[in-house]
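Visitor: One structure, as structure tokens, below. Some questions next.
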Amino acid sequence: MPRYELALIVKAMQRPETAALLRRTVETLMERGAVVRGLENLGEKLLPYKISKHNERHTRGGYFLIDFHAAPGIVTGLLDHLERDIDVVRPTVLKNDPEPSNGPCCGPPVASKLQDTV
Amino acid sequence: MGSKMFAVRSIRSLQFTFSQLGGTQQCLRSLSGSSNVVKKNDDMPLQMENPYKQPQKGCILCNITVDFKNVQLLSQFVSPHTGRVYGRHITGLCGKKQREIGKAIKKAHSMGFMSVTHKDPHFMKDPNICDIRHLE
């Protein structure tokens with residue numbers, strides 16, 4: 001199963017409400033057959049720009065990252081469900097497969113290659 | 001006719017001189033003997049790795065993973081006045097890393113992690129790694 005990352009921006013709420021939101025989000029994930037790997041809290045920050053969502057203009061938001069393994073078919077359904085949740089400001093699901101580290105990052109500059117051909 | 005005759009005469013004279021030289025060389029070879037014969041291969045350059053080779057220089061982001069969450073790193077490649085991404089001639093990054101930075105910045109914009117029109121004020125005091133001088 002490929003590995004995904006859900007970057008969740010939630011409304012600035014009190015602690016028990018945020019906890020309830022995270023609980024139901026993770027439960028939704030598990031219901032759809034995802035294996036939740038971990039949950040990170042990036043803190044409550046000022047949003048980079050004001051976001052209007054669910055008839056509200058948000059200035060501050062809580063940032064969370066949920067790492068999970070899931071079948072690719074559930075992703076659209078999950079995003080649909082999260083868009084309808086009024087406490088969620090912006091949900092984004094990203095693929096997070098670890099890439100094999102390549103060889104030397106920066107090869108020789110292009111000028112030397114030209115000299116070899118000439 | 002006259003020019004042709006002249007040419008022939010000059011070639012003949014050249015042939016004569018060459019035969020003389022060849023003869024002298026042959027004489028020298030016979031005098032020296034077989035022991036001190038200089039092999040023609042000793043004159044060729046030796047095959048070795050370049051002794052003046054410098055270590056390969058990479059761009060500043062060599063071996064550093066670029067992530068959309070690392071907004072501070074991404075903000076270093078963005079104008080503080082307008083929030084525009086700097087080009088390769090300013091950042092000095094290699095092709096791969098420049099593309100990764102560009103894509104990560106766009107991702108951060110759309111996901112609500114990084115501002116589009118300005119640079120986060122907390123990151124204004126970061127060291128300048130791009131090749132650009134700002135006014136004042």
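For the structure tokens, the naming scheme is as follows: chains receive sequential letters (A, B, ...) according to their order of presentation, residues are indexed from 1 within each chain, and ligands are indexed from 1 in presentation order.
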Write out as a ChimeraX atom specification the residues lying within 8 Å of stretch 56-67 of chain B, counting only C-alpha atoms and excluding same-chain residues fewer than 6 positions away.

Guide: /A:105-108 /B:92-94,97,100-101,104

Visitor: Would you mind exporting the chosen residues as a PDB file, in the first residue's frame, restricted to C-alpha atoms?

Guide:
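Result file result_34.pdb:
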```
ATOM      1  CA  CYS A 105      23.680  15.437  -6.437  1.00  0.00           C
ATOM      2  CA  CYS A 106      25.416  17.951  -8.657  1.00  0.00           C
ATOM      3  CA  GLY A 107      27.263  16.488 -11.630  1.00  0.00           C
ATOM      4  CA  PRO A 108      30.122  18.174 -13.461  1.00  0.00           C
TER       5      PRO A 108
ATOM      6  CA  GLY B  92      23.047  29.457  -7.730  1.00  0.00           C
ATOM      7  CA  LEU B  93      21.377  26.058  -7.371  1.00  0.00           C
ATOM      8  CA  CYS B  94      21.822  23.123  -9.705  1.00  0.00           C
ATOM      9  CA  LYS B  97      17.500  21.356  -6.629  1.00  0.00           C
ATOM     10  CA  GLU B 100      12.616  20.811  -6.233  1.00  0.00           C
ATOM     11  CA  ILE B 101      12.576  24.194  -4.478  1.00  0.00           C
ATOM     12  CA  ALA B 104       7.954  22.743  -2.937  1.00  0.00           C
TER      13      ALA B 104
END
```

Visitor: When the cut-off is 9 Å and we count only C-alpha atoms, which residues of chain A are near chain B, given as an MDAnalysis selection string?

Guide: chainID A and resid 7:9 47:49 51 63 90:92 104:108

Visitor: Just write the chosen residues, C-alpha atoms, as a PDB file, in the first residue's frame.

Guide:
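Result written to part_7.pdb:
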```pdb
ATOM      1  CA  ALA A   7      -1.695  17.935   5.889  1.00  0.00           C
ATOM      2  CA  LEU A   8      -4.674  19.221   7.822  1.00  0.00           C
ATOM      3  CA  ILE A   9      -5.318  22.859   8.633  1.00  0.00           C
ATOM      4  CA  LEU A  47      -2.302  31.498   8.485  1.00  0.00           C
ATOM      5  CA  PRO A  48      -0.117  32.849   5.639  1.00  0.00           C
ATOM      6  CA  TYR A  49      -3.228  34.416   4.081  1.00  0.00           C
ATOM      7  CA  ILE A  51      -8.839  31.642   4.111  1.00  0.00           C
ATOM      8  CA  TYR A  63      -1.562  22.543  11.605  1.00  0.00           C
ATOM      9  CA  ARG A  90      -7.860  23.018   4.283  1.00  0.00           C
ATOM     10  CA  PRO A  91      -7.219  19.278   3.840  1.00  0.00           C
ATOM     11  CA  THR A  92      -4.492  18.075   1.496  1.00  0.00           C
ATOM     12  CA  PRO A 104      26.154  12.578  -6.499  1.00  0.00           C
ATOM     13  CA  CYS A 105      23.680  15.437  -6.437  1.00  0.00           C
ATOM     14  CA  CYS A 106      25.416  17.951  -8.657  1.00  0.00           C
ATOM     15  CA  GLY A 107      27.263  16.488 -11.630  1.00  0.00           C
ATOM     16  CA  PRO A 108      30.122  18.174 -13.461  1.00  0.00           C
TER      17      PRO A 108
END
```

Visitor: Ranking A:Leu29, A:Ile86, A:Val75, A:Val93 by minimum distance to A:Lys11 and counting only C-alpha atoms, which one comes first?

Guide: A:Ile86

Visitor: Which neighbours of A:Gln14 fall inside 12 Å, counting only C-alpha atoms, when residues of the same chain fewer than 3 positions from it are skipped, and could you give them as a list in words?

Guide: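 Residues meeting the cut-off are Val10, Lys11, Glu17, Thr18, Ala19, Ala20, Leu21, Glu44, Gly61, Gly62 and Asp87 of chain A.
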
Visitor: Where in stretch 20-100 of chain A does DSSP assign strand (DSSP E), given as JSON, numbers by chain?

Guide: {"A": [35, 36, 37, 38, 39, 40, 41, 42, 43, 44, 45, 46, 47, 48, 49, 50, 51, 52, 53, 56, 57, 58, 59, 60, 61, 62, 63, 64, 65, 66, 67, 68, 69, 88, 89, 90, 91, 92, 93, 94, 95]}

Visitor: What is the atom CA of A:Glu40 to atom CA of A:Leu65 distance in Å?

Guide: 5.0 Å

Visitor: Contacts of B:Val78 at 12 Å or less, counting only C-alpha atoms, minus same-chain residues fewer than 2 places along, as a PyMOL selection string?

Guide: chain B and resi 71-76+80-88+90-91+101-102+105-106+114-120+123-124+126+128-132

Visitor: Residues near A:Phe68, anyone? I mean within 8 Å using only C-alpha atoms, not counting same-chain ones fewer than 2 positions away, as a PDB file with all heavy atoms, in the first residue's frame.

Guide:
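The file below, selection_21.pdb, is the result:
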```
ATOM      1  N   ARG A   3       2.166   5.083   0.653  1.00  0.00           N
ATOM      2  CA  ARG A   3       2.161   5.836   1.906  1.00  0.00           C
ATOM      3  C   ARG A   3       1.722   7.263   1.611  1.00  0.00           C
ATOM      4  O   ARG A   3       2.245   7.906   0.697  1.00  0.00           O
ATOM      5  CB  ARG A   3       3.588   5.841   2.456  1.00  0.00           C
ATOM      6  CG  ARG A   3       3.678   6.313   3.848  1.00  0.00           C
ATOM      7  CD  ARG A   3       5.060   6.002   4.367  1.00  0.00           C
ATOM      8  NE  ARG A   3       5.515   7.066   5.224  1.00  0.00           N
ATOM      9  CZ  ARG A   3       6.693   7.101   5.818  1.00  0.00           C
ATOM     10  NH1 ARG A   3       7.556   6.154   5.575  1.00  0.00           N
ATOM     11  NH2 ARG A   3       7.024   8.088   6.598  1.00  0.00           N
ATOM     12  N   TYR A   4       0.754   7.758   2.378  1.00  0.00           N
ATOM     13  CA  TYR A   4       0.231   9.114   2.170  1.00  0.00           C
ATOM     14  C   TYR A   4       0.465   9.985   3.391  1.00  0.00           C
ATOM     15  O   TYR A   4       0.703   9.504   4.484  1.00  0.00           O
ATOM     16  CB  TYR A   4      -1.278   9.064   1.894  1.00  0.00           C
ATOM     17  CG  TYR A   4      -1.637   8.424   0.586  1.00  0.00           C
ATOM     18  CD1 TYR A   4      -2.104   7.117   0.547  1.00  0.00           C
ATOM     19  CD2 TYR A   4      -1.521   9.117  -0.615  1.00  0.00           C
ATOM     20  CE1 TYR A   4      -2.444   6.519  -0.651  1.00  0.00           C
ATOM     21  CE2 TYR A   4      -1.867   8.522  -1.813  1.00  0.00           C
ATOM     22  CZ  TYR A   4      -2.323   7.230  -1.833  1.00  0.00           C
ATOM     23  OH  TYR A   4      -2.657   6.645  -3.013  1.00  0.00           O
ATOM     24  N   GLU A   5       0.329  11.287   3.161  1.00  0.00           N
ATOM     25  CA  GLU A   5       0.448  12.244   4.258  1.00  0.00           C
ATOM     26  C   GLU A   5      -0.711  13.215   4.141  1.00  0.00           C
ATOM     27  O   GLU A   5      -0.911  13.808   3.085  1.00  0.00           O
ATOM     28  CB  GLU A   5       1.771  12.996   4.110  1.00  0.00           C
ATOM     29  CG  GLU A   5       2.151  13.823   5.296  1.00  0.00           C
ATOM     30  CD  GLU A   5       3.594  14.305   5.173  1.00  0.00           C
ATOM     31  OE1 GLU A   5       3.970  14.716   4.063  1.00  0.00           O
ATOM     32  OE2 GLU A   5       4.316  14.253   6.158  1.00  0.00           O
ATOM     33  N   LEU A   6      -1.441  13.378   5.227  1.00  0.00           N
ATOM     34  CA  LEU A   6      -2.578  14.308   5.217  1.00  0.00           C
ATOM     35  C   LEU A   6      -2.171  15.559   5.980  1.00  0.00           C
ATOM     36  O   LEU A   6      -1.944  15.506   7.183  1.00  0.00           O
ATOM     37  CB  LEU A   6      -3.790  13.634   5.883  1.00  0.00           C
ATOM     38  CG  LEU A   6      -5.006  14.510   6.214  1.00  0.00           C
ATOM     39  CD1 LEU A   6      -5.603  15.104   4.958  1.00  0.00           C
ATOM     40  CD2 LEU A   6      -6.058  13.711   6.943  1.00  0.00           C
ATOM     41  N   ALA A  34      -7.470   2.423   6.252  1.00  0.00           N
ATOM     42  CA  ALA A  34      -6.113   2.975   6.244  1.00  0.00           C
ATOM     43  C   ALA A  34      -5.413   2.590   7.539  1.00  0.00           C
ATOM     44  O   ALA A  34      -6.063   2.394   8.560  1.00  0.00           O
ATOM     45  CB  ALA A  34      -6.171   4.491   6.123  1.00  0.00           C
ATOM     46  N   VAL A  35      -4.114   2.468   7.467  1.00  0.00           N
ATOM     47  CA  VAL A  35      -3.317   2.156   8.652  1.00  0.00           C
ATOM     48  C   VAL A  35      -2.596   3.443   9.042  1.00  0.00           C
ATOM     49  O   VAL A  35      -1.698   3.903   8.338  1.00  0.00           O
ATOM     50  CB  VAL A  35      -2.296   1.042   8.341  1.00  0.00           C
ATOM     51  CG1 VAL A  35      -1.410   0.789   9.544  1.00  0.00           C
ATOM     52  CG2 VAL A  35      -3.016  -0.216   7.916  1.00  0.00           C
ATOM     53  N   VAL A  36      -3.014   4.034  10.159  1.00  0.00           N
ATOM     54  CA  VAL A  36      -2.442   5.326  10.559  1.00  0.00           C
ATOM     55  C   VAL A  36      -1.105   5.087  11.231  1.00  0.00           C
ATOM     56  O   VAL A  36      -0.994   4.339  12.194  1.00  0.00           O
ATOM     57  CB  VAL A  36      -3.399   6.074  11.509  1.00  0.00           C
ATOM     58  CG1 VAL A  36      -2.792   7.406  11.915  1.00  0.00           C
ATOM     59  CG2 VAL A  36      -4.728   6.296  10.825  1.00  0.00           C
ATOM     60  N   ARG A  37      -0.088   5.756  10.677  1.00  0.00           N
ATOM     61  CA  ARG A  37       1.271   5.557  11.166  1.00  0.00           C
ATOM     62  C   ARG A  37       1.586   6.491  12.329  1.00  0.00           C
ATOM     63  O   ARG A  37       2.243   6.102  13.272  1.00  0.00           O
ATOM     64  CB  ARG A  37       2.236   5.904  10.047  1.00  0.00           C
ATOM     65  CG  ARG A  37       3.214   4.874   9.663  1.00  0.00           C
ATOM     66  CD  ARG A  37       4.014   5.437   8.516  1.00  0.00           C
ATOM     67  NE  ARG A  37       5.416   5.376   8.792  1.00  0.00           N
ATOM     68  CZ  ARG A  37       6.183   4.367   8.377  1.00  0.00           C
ATOM     69  NH1 ARG A  37       5.669   3.393   7.687  1.00  0.00           N
ATOM     70  NH2 ARG A  37       7.460   4.353   8.663  1.00  0.00           N
ATOM     71  N   GLY A  38       1.142   7.735  12.217  1.00  0.00           N
ATOM     72  CA  GLY A  38       1.474   8.695  13.258  1.00  0.00           C
ATOM     73  C   GLY A  38       0.811  10.028  13.012  1.00  0.00           C
ATOM     74  O   GLY A  38       0.301  10.297  11.917  1.00  0.00           O
ATOM     75  N   ILE A  66      -0.915  13.910   9.330  1.00  0.00           N
ATOM     76  CA  ILE A  66      -1.245  12.515   9.619  1.00  0.00           C
ATOM     77  C   ILE A  66      -0.605  11.642   8.545  1.00  0.00           C
ATOM     78  O   ILE A  66      -0.912  11.762   7.355  1.00  0.00           O
ATOM     79  CB  ILE A  66      -2.777  12.293   9.646  1.00  0.00           C
ATOM     80  CG1 ILE A  66      -3.432  13.269  10.624  1.00  0.00           C
ATOM     81  CG2 ILE A  66      -3.088  10.853  10.062  1.00  0.00           C
ATOM     82  CD1 ILE A  66      -4.931  13.143  10.708  1.00  0.00           C
ATOM     83  N   ALA A  70      -2.532   3.576   2.852  1.00  0.00           N
ATOM     84  CA  ALA A  70      -3.909   3.304   2.418  1.00  0.00           C
ATOM     85  C   ALA A  70      -3.926   2.868   0.971  1.00  0.00           C
ATOM     86  O   ALA A  70      -2.975   3.103   0.220  1.00  0.00           O
ATOM     87  CB  ALA A  70      -4.769   4.545   2.599  1.00  0.00           C
TER      88      ALA A  70
END
```

Visitor: Considering only C-alpha atoms, can you say which of A:Asn55, A:Pro100, A:Val89, A:His81 comes closest to A:Arg24?

Guide: A:His81
